$ cat data-v8.cif   # mmCIF, C-alpha atoms
data_entry
#
loop_
_atom_site.label_atom_id
_atom_site.label_comp_id
_atom_site.auth_asym_id
_atom_site.auth_seq_id
_atom_site.Cartn_x
_atom_site.Cartn_y
_atom_site.Cartn_z
CA MET A 1 18.11 -73.87 -94.23
CA GLU A 2 15.90 -71.27 -92.58
CA GLN A 3 14.16 -69.13 -95.22
CA THR A 4 14.58 -65.76 -93.55
CA LYS A 5 16.39 -62.55 -94.38
CA ASP A 6 18.85 -60.79 -92.15
CA ASP A 7 17.10 -57.46 -91.91
CA SER A 8 19.75 -55.90 -89.69
CA ASP A 9 22.33 -55.86 -92.46
CA PHE A 10 20.25 -55.37 -95.60
CA GLU A 11 19.00 -52.00 -96.75
CA ASP A 12 17.71 -50.72 -100.06
CA ASP A 13 19.98 -47.72 -100.36
CA CYS A 14 23.56 -47.95 -101.57
CA GLU A 15 25.48 -45.01 -100.20
CA THR A 16 29.24 -44.68 -100.07
CA LYS A 17 30.44 -44.04 -96.51
CA MET A 18 33.39 -41.69 -96.40
CA GLU A 19 34.67 -43.08 -93.10
CA THR A 20 38.25 -43.03 -91.97
CA ASP A 21 40.18 -46.08 -93.17
CA THR A 22 42.93 -47.75 -91.17
CA SER A 23 46.42 -48.48 -92.52
CA ALA A 24 49.07 -50.82 -91.15
CA GLN A 25 51.07 -47.83 -89.98
CA GLU A 26 48.11 -46.39 -88.06
CA ALA A 27 47.48 -49.78 -86.47
CA ARG A 28 51.12 -49.94 -85.38
CA ASN A 29 50.61 -46.54 -83.77
CA GLY A 30 47.72 -47.86 -81.70
CA LYS A 31 44.62 -47.21 -83.80
CA ASP A 32 41.98 -49.95 -83.69
CA ILE A 33 42.05 -51.80 -87.03
CA GLN A 34 38.30 -51.26 -87.44
CA GLY A 35 38.43 -47.65 -86.32
CA ILE A 36 36.44 -48.36 -83.16
CA GLN A 37 37.02 -45.57 -80.64
CA TRP A 38 36.98 -47.59 -77.43
CA GLU A 39 37.50 -44.56 -75.20
CA GLY A 40 33.88 -43.59 -75.91
CA PHE A 41 32.45 -46.93 -74.80
CA LYS A 42 31.48 -48.29 -71.40
CA TYR A 43 33.84 -51.24 -71.86
CA ASN A 44 37.39 -51.45 -73.15
CA ARG A 45 38.14 -53.91 -75.94
CA ASP A 46 39.15 -56.82 -73.72
CA GLU A 47 36.10 -56.42 -71.50
CA PHE A 48 33.76 -56.25 -74.48
CA ARG A 49 35.40 -59.36 -75.96
CA GLU A 50 34.85 -61.26 -72.73
CA THR A 51 31.21 -60.16 -72.68
CA ARG A 52 30.67 -61.20 -76.31
CA LEU A 53 32.14 -64.65 -75.67
CA LYS A 54 29.80 -65.17 -72.73
CA GLN A 55 26.64 -63.78 -74.31
CA TYR A 56 26.87 -64.87 -77.97
CA ASP A 57 23.97 -67.17 -78.85
CA ASN A 58 24.96 -69.60 -81.60
CA PHE A 59 22.08 -70.58 -83.88
CA VAL A 60 21.40 -74.31 -84.23
CA ASN A 61 18.65 -76.32 -85.89
CA ILE A 62 18.80 -79.73 -84.21
CA LEU A 63 21.84 -79.78 -81.92
CA ARG A 64 20.90 -81.01 -78.45
CA PRO A 65 22.75 -80.16 -75.22
CA SER A 66 23.85 -83.81 -74.86
CA SER A 67 25.30 -83.75 -78.39
CA ARG A 68 27.11 -80.50 -77.61
CA GLU A 69 28.68 -82.04 -74.50
CA LYS A 70 29.77 -85.09 -76.53
CA LEU A 71 31.32 -82.81 -79.14
CA ASP A 72 33.21 -80.88 -76.44
CA LYS A 73 34.71 -84.13 -75.17
CA GLU A 74 35.62 -85.38 -78.63
CA HIS A 75 39.24 -85.48 -79.78
CA GLY A 76 39.54 -81.91 -80.92
CA GLN A 77 42.89 -80.70 -82.15
CA VAL A 78 45.15 -79.20 -79.50
CA VAL A 79 46.04 -76.17 -81.56
CA GLU A 80 48.86 -73.77 -80.83
CA LYS A 81 47.35 -70.33 -81.35
CA GLY A 82 49.08 -66.99 -81.64
CA LYS A 83 50.90 -67.52 -84.93
CA ASN A 84 51.08 -64.74 -87.54
CA PHE A 85 50.82 -66.07 -91.07
CA TYR A 86 48.99 -63.00 -92.43
CA ASP A 87 49.58 -59.44 -91.21
CA PHE A 88 46.99 -56.67 -91.10
CA GLN A 89 47.44 -54.38 -94.09
CA PHE A 90 44.38 -52.15 -94.52
CA ASN A 91 40.76 -51.67 -93.52
CA THR A 92 38.36 -49.66 -95.65
CA ARG A 93 34.83 -48.46 -95.02
CA LEU A 94 34.54 -46.98 -98.51
CA VAL A 95 33.01 -50.33 -99.41
CA THR A 96 30.94 -52.21 -96.85
CA SER A 97 29.96 -55.86 -96.96
CA THR A 98 26.34 -56.83 -96.46
CA ILE A 99 24.50 -60.15 -96.15
CA VAL A 100 20.89 -61.08 -96.89
CA HIS A 101 20.72 -64.38 -94.98
CA PHE A 102 22.30 -65.01 -91.59
CA GLN A 103 23.40 -68.54 -92.55
CA LEU A 104 25.00 -67.70 -95.91
CA ARG A 105 28.41 -66.00 -95.70
CA ASN A 106 30.17 -66.45 -99.03
CA LEU A 107 29.95 -62.93 -100.45
CA VAL A 108 33.61 -61.90 -100.81
CA TRP A 109 35.84 -63.05 -103.70
CA ALA A 110 39.39 -61.97 -104.51
CA THR A 111 40.59 -62.40 -108.10
CA SER A 112 44.08 -61.03 -107.40
CA LYS A 113 45.92 -59.60 -104.42
CA HIS A 114 44.68 -56.16 -105.48
CA ASP A 115 41.16 -56.99 -106.74
CA VAL A 116 38.21 -58.17 -104.70
CA TYR A 117 34.44 -58.35 -105.31
CA LEU A 118 31.79 -58.06 -102.61
CA MET A 119 28.09 -57.38 -102.20
CA GLN A 120 26.97 -54.05 -100.78
CA ASN A 121 23.18 -54.16 -100.57
CA TYR A 122 21.99 -54.40 -104.21
CA SER A 123 25.39 -53.43 -105.61
CA LEU A 124 28.14 -55.76 -106.71
CA MET A 125 31.26 -53.78 -105.83
CA HIS A 126 34.86 -54.06 -106.97
CA TRP A 127 37.57 -52.85 -104.61
CA SER A 128 41.07 -52.09 -105.82
CA SER A 129 43.54 -52.17 -102.94
CA LEU A 130 46.13 -50.70 -105.29
CA LEU A 131 44.04 -47.60 -106.01
CA GLN A 132 42.16 -47.78 -102.69
CA ARG A 133 38.98 -47.17 -104.60
CA GLY A 134 35.64 -48.91 -104.92
CA LYS A 135 33.46 -49.12 -108.02
CA GLU A 136 29.97 -50.46 -108.66
CA VAL A 137 30.12 -53.28 -111.21
CA LEU A 138 26.45 -54.22 -111.27
CA ASN A 139 23.29 -52.93 -109.64
CA VAL A 140 20.62 -55.62 -109.30
CA ALA A 141 18.00 -53.34 -107.75
CA ARG A 142 17.21 -52.22 -111.28
CA SER A 143 15.91 -54.48 -114.04
CA VAL A 144 18.57 -56.80 -115.41
CA THR A 145 18.10 -58.03 -118.99
CA PRO A 146 20.32 -60.84 -120.31
CA THR A 147 22.50 -59.93 -123.29
CA GLN A 148 23.14 -63.42 -124.62
CA LYS A 149 20.34 -64.79 -126.77
CA LEU A 150 20.67 -68.36 -127.98
CA PRO A 151 18.03 -70.70 -129.47
CA GLY A 152 16.26 -72.63 -126.75
CA LEU A 153 17.99 -70.71 -123.94
CA PHE A 154 15.61 -70.05 -121.08
CA SER A 155 16.76 -66.66 -119.85
CA GLU A 156 14.57 -63.91 -118.44
CA PRO A 157 14.85 -60.36 -117.09
CA LEU A 158 15.14 -60.01 -113.32
CA SER A 159 14.92 -57.11 -110.89
CA ARG A 160 15.58 -56.37 -107.21
CA VAL A 161 17.69 -59.49 -106.80
CA GLN A 162 18.81 -59.98 -103.22
CA VAL A 163 22.13 -61.72 -103.74
CA SER A 164 22.61 -64.62 -101.32
CA SER A 165 25.64 -66.33 -102.90
CA MET A 166 28.41 -65.53 -105.34
CA ALA A 167 31.56 -66.82 -107.05
CA VAL A 168 34.11 -65.04 -109.23
CA LYS A 169 36.41 -67.30 -111.26
CA GLU A 170 37.55 -67.90 -114.83
CA ASN A 171 36.62 -64.33 -115.81
CA LEU A 172 33.00 -64.97 -114.78
CA ILE A 173 30.87 -63.54 -111.98
CA LEU A 174 28.12 -65.87 -110.79
CA LEU A 175 25.38 -64.61 -108.46
CA GLY A 176 22.61 -66.52 -106.72
CA GLY A 177 19.46 -64.86 -105.39
CA PHE A 178 17.15 -65.12 -102.38
CA ASP A 179 14.21 -66.06 -104.62
CA GLY A 180 16.04 -68.73 -106.59
CA GLU A 181 17.70 -66.44 -109.17
CA LEU A 182 20.93 -67.11 -111.06
CA LEU A 183 22.93 -64.44 -112.90
CA CYS A 184 26.17 -64.80 -114.85
CA LYS A 185 28.30 -61.85 -115.95
CA CYS A 186 31.60 -61.74 -117.82
CA VAL A 187 34.09 -59.69 -115.81
CA ASN A 188 35.32 -57.64 -118.78
CA GLN A 189 32.00 -57.19 -120.60
CA PRO A 190 29.07 -54.88 -119.85
CA GLY A 191 25.71 -56.24 -118.80
CA VAL A 192 24.68 -59.70 -117.66
CA ALA A 193 25.12 -62.52 -120.15
CA PHE A 194 22.57 -64.87 -118.61
CA CYS A 195 19.98 -64.70 -115.85
CA THR A 196 17.02 -66.81 -114.89
CA ARG A 197 14.93 -68.04 -111.99
CA LEU A 198 15.93 -71.61 -111.22
CA SER A 199 12.72 -72.53 -109.44
CA THR A 200 9.24 -71.12 -108.98
CA GLU A 201 8.89 -72.65 -105.53
CA ASP A 202 8.45 -70.24 -102.63
CA ASN A 203 11.37 -71.77 -100.75
CA ALA A 204 14.05 -71.86 -103.46
CA ILE A 205 16.85 -69.58 -102.25
CA THR A 206 20.10 -70.14 -104.12
CA ASN A 207 22.35 -71.14 -101.24
CA THR A 208 25.59 -71.56 -103.14
CA VAL A 209 27.04 -71.11 -106.62
CA ASP A 210 30.40 -72.12 -108.01
CA ILE A 211 32.44 -72.30 -111.21
CA TYR A 212 34.62 -75.31 -112.01
CA ARG A 213 36.10 -77.43 -114.78
CA ASP A 214 34.90 -81.00 -115.27
CA PRO A 215 37.38 -83.82 -115.99
CA SER A 216 37.28 -83.03 -119.73
CA GLY A 217 38.21 -79.39 -119.08
CA SER A 218 34.78 -77.94 -119.89
CA LEU A 219 33.76 -74.97 -117.77
CA ARG A 220 30.69 -75.61 -115.61
CA LEU A 221 28.42 -73.58 -113.34
CA ILE A 222 26.86 -75.30 -110.34
CA THR A 223 24.05 -74.14 -108.06
CA ALA A 224 22.52 -75.56 -104.90
CA ASN A 225 19.11 -74.49 -103.69
CA ASN A 226 16.67 -74.80 -100.85
CA ASP A 227 14.38 -76.81 -103.16
CA CYS A 228 16.73 -79.79 -102.54
CA LYS A 229 18.24 -79.66 -106.03
CA ILE A 230 21.72 -79.28 -107.49
CA ARG A 231 21.88 -77.95 -111.04
CA VAL A 232 24.88 -77.92 -113.39
CA PHE A 233 25.12 -75.64 -116.45
CA ASP A 234 27.54 -75.33 -119.34
CA ALA A 235 29.34 -72.00 -118.93
CA GLN A 236 29.34 -71.16 -122.64
CA SER A 237 25.85 -72.06 -123.77
CA PHE A 238 24.18 -71.81 -120.32
CA THR A 239 22.28 -74.99 -121.09
CA ARG A 240 21.52 -77.27 -118.16
CA VAL A 241 23.86 -80.26 -118.19
CA SER A 242 22.49 -82.16 -115.22
CA GLU A 243 20.23 -81.94 -112.19
CA PHE A 244 20.37 -83.95 -108.97
CA ALA A 245 17.62 -84.15 -106.34
CA LEU A 246 18.22 -84.83 -102.65
CA ASP A 247 16.06 -85.43 -99.60
CA TRP A 248 17.11 -82.20 -97.90
CA SER A 249 17.92 -78.60 -98.72
CA VAL A 250 21.43 -78.23 -100.13
CA ASN A 251 23.37 -75.44 -98.42
CA ASN A 252 26.78 -75.86 -100.01
CA THR A 253 28.59 -77.87 -102.67
CA SER A 254 32.25 -78.01 -103.65
CA VAL A 255 33.87 -79.87 -106.52
CA SER A 256 37.19 -81.69 -106.08
CA PRO A 257 40.24 -80.24 -107.88
CA ASP A 258 40.10 -82.92 -110.59
CA GLY A 259 36.40 -82.22 -111.18
CA LYS A 260 35.35 -85.81 -110.47
CA LEU A 261 33.85 -85.62 -106.98
CA LEU A 262 31.18 -83.42 -105.48
CA ALA A 263 30.90 -82.71 -101.76
CA VAL A 264 27.32 -81.94 -100.73
CA VAL A 265 26.22 -80.53 -97.36
CA GLY A 266 22.91 -79.13 -96.20
CA ASP A 267 20.03 -79.64 -93.80
CA SER A 268 21.49 -82.95 -92.66
CA THR A 269 24.23 -84.06 -90.28
CA GLU A 270 25.86 -85.98 -93.15
CA CYS A 271 28.16 -84.84 -95.94
CA LEU A 272 27.72 -86.74 -99.18
CA ILE A 273 30.53 -87.45 -101.61
CA SER A 274 29.00 -87.93 -105.05
CA ASP A 275 30.11 -88.50 -108.60
CA SER A 276 30.02 -85.01 -110.14
CA HIS A 277 28.76 -86.34 -113.49
CA SER A 278 26.03 -88.76 -112.42
CA GLY A 279 25.24 -87.53 -108.93
CA LYS A 280 25.59 -91.07 -107.59
CA VAL A 281 26.52 -91.09 -103.91
CA ILE A 282 29.91 -92.72 -103.33
CA SER A 283 30.23 -92.26 -99.58
CA SER A 284 28.62 -90.52 -96.63
CA LEU A 285 30.68 -88.67 -94.02
CA ARG A 286 29.18 -88.81 -90.53
CA GLY A 287 30.20 -86.99 -87.38
CA HIS A 288 28.64 -83.52 -87.34
CA LYS A 289 25.77 -82.85 -84.95
CA ASP A 290 23.80 -80.20 -86.84
CA TYR A 291 23.38 -78.74 -90.35
CA SER A 292 26.39 -77.79 -92.46
CA PHE A 293 26.93 -74.65 -94.55
CA ALA A 294 30.54 -74.83 -95.72
CA SER A 295 32.95 -77.21 -97.42
CA ALA A 296 36.33 -76.91 -99.14
CA TRP A 297 38.76 -79.29 -100.84
CA HIS A 298 42.48 -79.22 -100.25
CA PRO A 299 44.24 -78.82 -103.63
CA ASN A 300 45.61 -82.38 -103.32
CA GLY A 301 42.05 -83.67 -103.71
CA LEU A 302 42.38 -86.02 -100.74
CA ILE A 303 41.37 -83.80 -97.81
CA LEU A 304 37.91 -82.26 -97.43
CA ALA A 305 36.96 -79.70 -94.78
CA THR A 306 33.33 -79.32 -93.70
CA GLY A 307 31.88 -76.57 -91.50
CA ASN A 308 28.85 -77.04 -89.29
CA GLN A 309 26.51 -75.20 -86.93
CA ASP A 310 27.84 -77.46 -84.16
CA THR A 311 30.81 -74.98 -84.07
CA ALA A 312 33.22 -77.50 -85.58
CA CYS A 313 35.14 -77.98 -88.80
CA ARG A 314 35.87 -81.61 -89.55
CA LEU A 315 38.73 -82.75 -91.73
CA TRP A 316 38.27 -85.90 -93.78
CA ASP A 317 40.63 -88.09 -95.75
CA ILE A 318 38.28 -89.30 -98.47
CA ARG A 319 40.30 -92.52 -98.78
CA ASN A 320 39.06 -93.33 -95.27
CA PRO A 321 35.57 -91.83 -95.04
CA SER A 322 34.48 -93.74 -91.95
CA GLU A 323 35.51 -90.92 -89.60
CA SER A 324 37.10 -87.48 -89.62
CA PHE A 325 40.81 -87.38 -88.79
CA ALA A 326 40.63 -84.01 -87.02
CA VAL A 327 38.12 -81.60 -85.47
CA LEU A 328 38.85 -77.86 -85.48
CA LYS A 329 36.68 -75.83 -83.15
CA GLY A 330 35.61 -72.19 -83.20
CA ASN A 331 35.27 -69.82 -80.27
CA MET A 332 31.64 -68.72 -80.45
CA GLY A 333 29.57 -69.99 -83.32
CA ALA A 334 28.94 -72.06 -86.42
CA ILE A 335 31.62 -72.54 -89.04
CA ARG A 336 30.14 -70.71 -92.03
CA GLY A 337 33.17 -70.16 -94.25
CA LEU A 338 36.09 -72.39 -95.30
CA LYS A 339 38.83 -71.61 -97.82
CA PHE A 340 42.16 -73.31 -98.59
CA THR A 341 44.95 -71.32 -100.17
CA PRO A 342 45.45 -72.45 -103.79
CA GLU A 343 48.72 -74.21 -102.97
CA GLY A 344 47.18 -75.81 -99.87
CA ARG A 345 49.42 -74.31 -97.18
CA PHE A 346 46.67 -72.63 -95.15
CA LEU A 347 43.01 -73.18 -94.29
CA ALA A 348 40.89 -70.16 -93.30
CA MET A 349 37.86 -70.88 -91.13
CA ALA A 350 35.24 -68.19 -90.47
CA GLU A 351 32.68 -68.08 -87.69
CA PRO A 352 29.44 -66.09 -88.16
CA ALA A 353 30.96 -63.17 -86.28
CA ASP A 354 34.18 -61.89 -84.73
CA PHE A 355 36.66 -64.67 -85.53
CA VAL A 356 38.59 -65.95 -88.55
CA HIS A 357 41.07 -68.76 -87.90
CA ILE A 358 44.00 -69.56 -90.20
CA PHE A 359 45.48 -73.05 -89.82
CA ASP A 360 48.87 -74.14 -91.10
CA THR A 361 48.36 -77.44 -92.92
CA GLN A 362 52.09 -78.20 -92.83
CA SER A 363 51.89 -78.38 -89.03
CA GLY A 364 49.08 -80.92 -89.33
CA PHE A 365 46.55 -78.13 -88.59
CA LEU A 366 48.18 -77.82 -85.14
CA GLN A 367 49.25 -74.17 -85.47
CA SER A 368 46.88 -71.28 -86.11
CA GLN A 369 46.43 -67.55 -86.30
CA GLU A 370 43.30 -65.99 -84.85
CA ILE A 371 41.94 -62.80 -86.41
CA ASP A 372 39.86 -61.11 -83.71
CA LEU A 373 37.37 -58.46 -84.84
CA PHE A 374 33.84 -57.31 -84.07
CA GLY A 375 30.92 -57.78 -86.47
CA GLU A 376 29.20 -60.29 -88.69
CA ILE A 377 31.50 -61.90 -91.26
CA ALA A 378 30.12 -61.69 -94.82
CA GLY A 379 32.86 -63.74 -96.43
CA ILE A 380 36.56 -64.62 -96.60
CA SER A 381 38.77 -65.02 -99.65
CA PHE A 382 42.43 -65.69 -100.35
CA SER A 383 43.89 -64.17 -103.51
CA PRO A 384 44.90 -66.74 -106.16
CA ASP A 385 48.61 -66.06 -105.48
CA THR A 386 47.96 -66.54 -101.70
CA GLU A 387 49.48 -63.09 -101.01
CA ALA A 388 46.29 -61.54 -99.62
CA LEU A 389 43.38 -62.54 -97.41
CA TYR A 390 40.22 -60.43 -97.46
CA VAL A 391 37.53 -60.45 -94.77
CA GLY A 392 34.17 -58.76 -95.27
CA VAL A 393 32.57 -57.32 -92.13
CA ALA A 394 28.82 -56.68 -92.20
CA ASP A 395 27.87 -54.10 -89.59
CA ARG A 396 25.70 -50.97 -89.70
CA THR A 397 28.42 -48.80 -88.19
CA TYR A 398 31.69 -50.62 -88.76
CA GLY A 399 30.92 -52.53 -91.96
CA SER A 400 34.14 -52.77 -93.95
CA LEU A 401 36.62 -54.81 -95.93
CA LEU A 402 39.75 -55.99 -94.13
CA GLU A 403 42.93 -56.81 -96.02
CA TYR A 404 45.70 -59.04 -94.66
CA LYS A 405 49.03 -59.68 -96.33
CA ARG A 406 50.95 -62.94 -96.26
CA ARG A 407 54.01 -62.72 -94.07
CA LYS A 408 57.35 -63.68 -95.61
CA ASP A 409 60.47 -64.84 -93.77
CA ASN A 410 61.76 -61.27 -93.83
CA HIS A 411 58.24 -59.86 -93.14
CA TYR A 412 56.57 -57.01 -94.92
CA MET A 413 57.87 -53.53 -94.22
CA ASP A 414 54.43 -51.93 -94.24
CA SER A 415 52.38 -54.49 -92.36
CA PHE A 416 51.11 -54.56 -88.80
CA TYR A 417 52.75 -57.21 -86.65
#
$ encode --input "data-v8.cif" --output "structure tokens"
Amino acid sequence: MEQTKDDSDFEDDCETKMETDTSAQEARNGKDIQGIQWEGFKYNRDEFRETRLKQYDNFVNILRPSSREKLDKEHGQVVEKGKNFYDFQFNTRLVTSTIVHFQLRNLVWATSKHDVYLMQNYSLMHWSSLLQRGKEVLNVARSVTPTQKLPGLFSEPLSRVQVSSMAVKENLILLGGFDGELLCKCVNQPGVAFCTRLSTEDNAITNTVDIYRDPSGSLRLITANNDCKIRVFDAQSFTRVSEFALDWSVNNTSVSPDGKLLAVVGDSTECLISDSHSGKVISSLRGHKDYSFASAWHPNGLILATGNQDTACRLWDIRNPSESFAVLKGNMGAIRGLKFTPEGRFLAMAEPADFVHIFDTQSGFLQSQEIDLFGEIAGISFSPDTEALYVGVADRTYGSLLEYKRRKDNHYMDSFY
């Protein structure tokens, strides 16, 4: 992964922007969901969309023109677009998503249909859609001192942490930093329980963090870094349980629902399926043409989705790892975010900017909804009950948090459709 910051979206100050929000009712009445006043621009929305599609320059590391042509000819899914699985509900600019690295877009996490966490510069923010109010949970610009002190625990104060990755599960908030930091905070307790620097190497950005249960039910924390290492910690004692070294920088990991398998993607065209306990490689998934930055398991534990800078998401049946069984393609750029709903009905796929795609798994991934917006996408997250989908938009002017609500058979009365 490229060790650079995204200066356009990262600033030191943390000011609340009292901009006009957009409700479903206002959207029904014709207001742009992001509050963009198109009448003041040279182009209308459709013209600007056409221009963006033509001019957008997708970042790649190794993808060659010949490989791109081969990918375009490959058996991509013929997807029926235009479905509406989730309806626009609300857009707020009272909290604004930000990113620190242009390749890392996993900075939005919903813990309920009304509660979502996101990064806003140095502030970890909580947004309540019920109260329509944002609150700072943690400020990592200031010095952070760990509260938990255990014998032999290597924990140290940190300051000015530029958060590059995050996860919020099991009543824990896990943050990874641009300089290899790791912080863990209990949702309902003040302060940070544990924080440390995982590596002293210059190129050690924490690319991904996650929280999972191993096959015995023990709660684990997992990190993947640019120093080519995966580290696993016990979530209670914060002691390191295991460490695996690879030949390339690890950009993303995801653990299977039963806790037994670990999907590993990074600065390689391959995706490795490893034993989560030993790190032993079980199989290698080949088909992508560039580096990967996203992966997600279907709740059945048999299907894995991987997202790549070659603008494709591949779907794998791990019982037949020799080739992917489907290829889902984006409109403009790399696939940097993938999330299944907890019951497995939908897969959300985020490009770096402008587009989030929602695929219906029950249709064999052949039907989709396309969320069309403008701006860099900081993260996507379904609520645990699948009722809400949140999309973080990182933009200097129109940075915001978008909320979508799952459509029922009788539809929602206060949703935009």
$ atom_distance --input "data-v8.cif" --atom1 "CA of Leu373 (chain A)" --atom2 "CA of Arg64 (chain A)"
28.6 Å
$ closest_residue --input "data-v8.cif" --among "A:Ile205, A:Met119, A:Val327, A:Leu130" --to "Ala394 (chain A)" --atoms "all atoms listed in the file"
A:Met119
$ residues_around --input "data-v8.cif" --residues "Ile282 (chain A)" --least-positions-apart "2" --cutoff "8 Å" --atoms "all atoms listed in the file" --output "VMD selection string"
chain A and resid 272 to 275 280 284
$ resolve_selection --input "data-v8.cif" --expression "the PyMOL selection byres ((chain A and resi 321) around 10)" --output "PyMOL selection string"
chain A and resi 273+283-286+316-320+322-325
$ closest_residue --input "data-v8.cif" --among "A:Ala167, A:Ile211, A:Ala305, A:Met349" --to "Gly259 (chain A)" --atoms "only C-alpha atoms"
A:Ile211
$ atom_distance --input "data-v8.cif" --atom1 "CA of Leu104 (chain A)" --atom2 "CA of Gly364 (chain A)"
28.2 Å
$ resolve_selection --input "data-v8.cif" --expression "the PyMOL selection byres ((chain A and resi 145) around 6)" --output "list in words"
Val144, Pro146 and Pro157 of chain A
$ closest_residue --input "data-v8.cif" --among "A:Ser23, A:Ser155, A:Ser268, A:Asn139" --to "Asp87 (chain A)" --atoms "only C-alpha atoms"
A:Ser23
$ atom_distance --input "data-v8.cif" --atom1 "CA of Glu403 (chain A)" --atom2 "CA of Gln89 (chain A)"
5.5 Å
$ residues_around --input "data-v8.cif" --residues "Ile36 (chain A)" --least-positions-apart "4" --cutoff "12 Å" --atoms "only C-alpha atoms" --output "compact mmCIF listing (two decimals) with C-alpha atoms, in the coordinates of the input"
# COMPACT_ATOMS: atom_id res chain seq x y z
CA GLU A 19 34.67 -43.08 -93.10
CA THR A 20 38.25 -43.03 -91.97
CA ASP A 21 40.18 -46.08 -93.17
CA THR A 22 42.93 -47.75 -91.17
CA ALA A 27 47.48 -49.78 -86.47
CA GLY A 30 47.72 -47.86 -81.70
CA LYS A 31 44.62 -47.21 -83.80
CA ASP A 32 41.98 -49.95 -83.69
CA GLY A 40 33.88 -43.59 -75.91
CA PHE A 41 32.45 -46.93 -74.80
CA TYR A 43 33.84 -51.24 -71.86
CA ASN A 44 37.39 -51.45 -73.15
CA ARG A 45 38.14 -53.91 -75.94
CA ASN A 91 40.76 -51.67 -93.52
CA ARG A 93 34.83 -48.46 -95.02
CA LEU A 373 37.37 -58.46 -84.84
CA PHE A 374 33.84 -57.31 -84.07
CA GLY A 375 30.92 -57.78 -86.47
CA THR A 397 28.42 -48.80 -88.19
CA TYR A 398 31.69 -50.62 -88.76
CA GLY A 399 30.92 -52.53 -91.96
CA SER A 400 34.14 -52.77 -93.95
$ resolve_selection --input "data-v8.cif" --expression "the PyMOL selection byres ((chain A and resi 252) around 6)" --output "number ranges by chain"
A: 208, 250-251, 253, 265, 293-294
$ closest_residue --input "data-v8.cif" --among "A:Phe88, A:His277, A:Gln55, A:His298" --to "Glu26 (chain A)" --atoms "all atoms listed in the file"
A:Phe88
$ axis_aligned_box --input "data-v8.cif" --around "region 173-179 of chain A" --padding-each-side "8 Å" --output "JSON"
{"center_x": 22.5, "center_y": -65.0, "center_z": -107.2, "size_x": 32.7, "size_y": 19.0, "size_z": 25.6}
$ residues_around --input "data-v8.cif" --residues "region 170-182 of chain A" --least-positions-apart "5" --cutoff "6 Å" --atoms "all atoms listed in the file" --output "list of chain:residue names"
A:Val161, A:Gln162, A:Val163, A:Ser164, A:Ser165, A:Val187, A:Cys195, A:Thr196, A:Arg197, A:Leu198, A:Ser199, A:Ala204, A:Ile205, A:Thr206
$ residues_around --input "data-v8.cif" --residues "Ser295 (chain A)" --least-positions-apart "3" --cutoff "9 Å" --atoms "all atoms listed in the file" --output "PDB file with C-alpha atoms, in the frame of the given file"
ATOM      1  CA  ASN A 252      26.780 -75.860-100.010  1.00  0.00           C
ATOM      2  CA  THR A 253      28.590 -77.870-102.670  1.00  0.00           C
ATOM      3  CA  SER A 254      32.250 -78.010-103.650  1.00  0.00           C
ATOM      4  CA  ALA A 263      30.900 -82.710-101.760  1.00  0.00           C
ATOM      5  CA  VAL A 264      27.320 -81.940-100.730  1.00  0.00           C
ATOM      6  CA  VAL A 265      26.220 -80.530 -97.360  1.00  0.00           C
ATOM      7  CA  SER A 292      26.390 -77.790 -92.460  1.00  0.00           C
ATOM      8  CA  LEU A 304      37.910 -82.260 -97.430  1.00  0.00           C
ATOM      9  CA  ALA A 305      36.960 -79.700 -94.780  1.00  0.00           C
ATOM     10  CA  THR A 306      33.330 -79.320 -93.700  1.00  0.00           C
ATOM     11  CA  GLY A 307      31.880 -76.570 -91.500  1.00  0.00           C
ATOM     12  CA  CYS A 313      35.140 -77.980 -88.800  1.00  0.00           C
ATOM     13  CA  ARG A 336      30.140 -70.710 -92.030  1.00  0.00           C
ATOM     14  CA  GLY A 337      33.170 -70.160 -94.250  1.00  0.00           C
ATOM     15  CA  LEU A 338      36.090 -72.390 -95.300  1.00  0.00           C
ATOM     16  CA  LYS A 339      38.830 -71.610 -97.820  1.00  0.00           C
TER      17      LYS A 339
END
$ closest_residue --input "data-v8.cif" --among "A:Val255, A:Cys186, A:Ala312, A:Ala296" --to "Ala326 (chain A)" --atoms "all atoms listed in the file"
A:Ala312
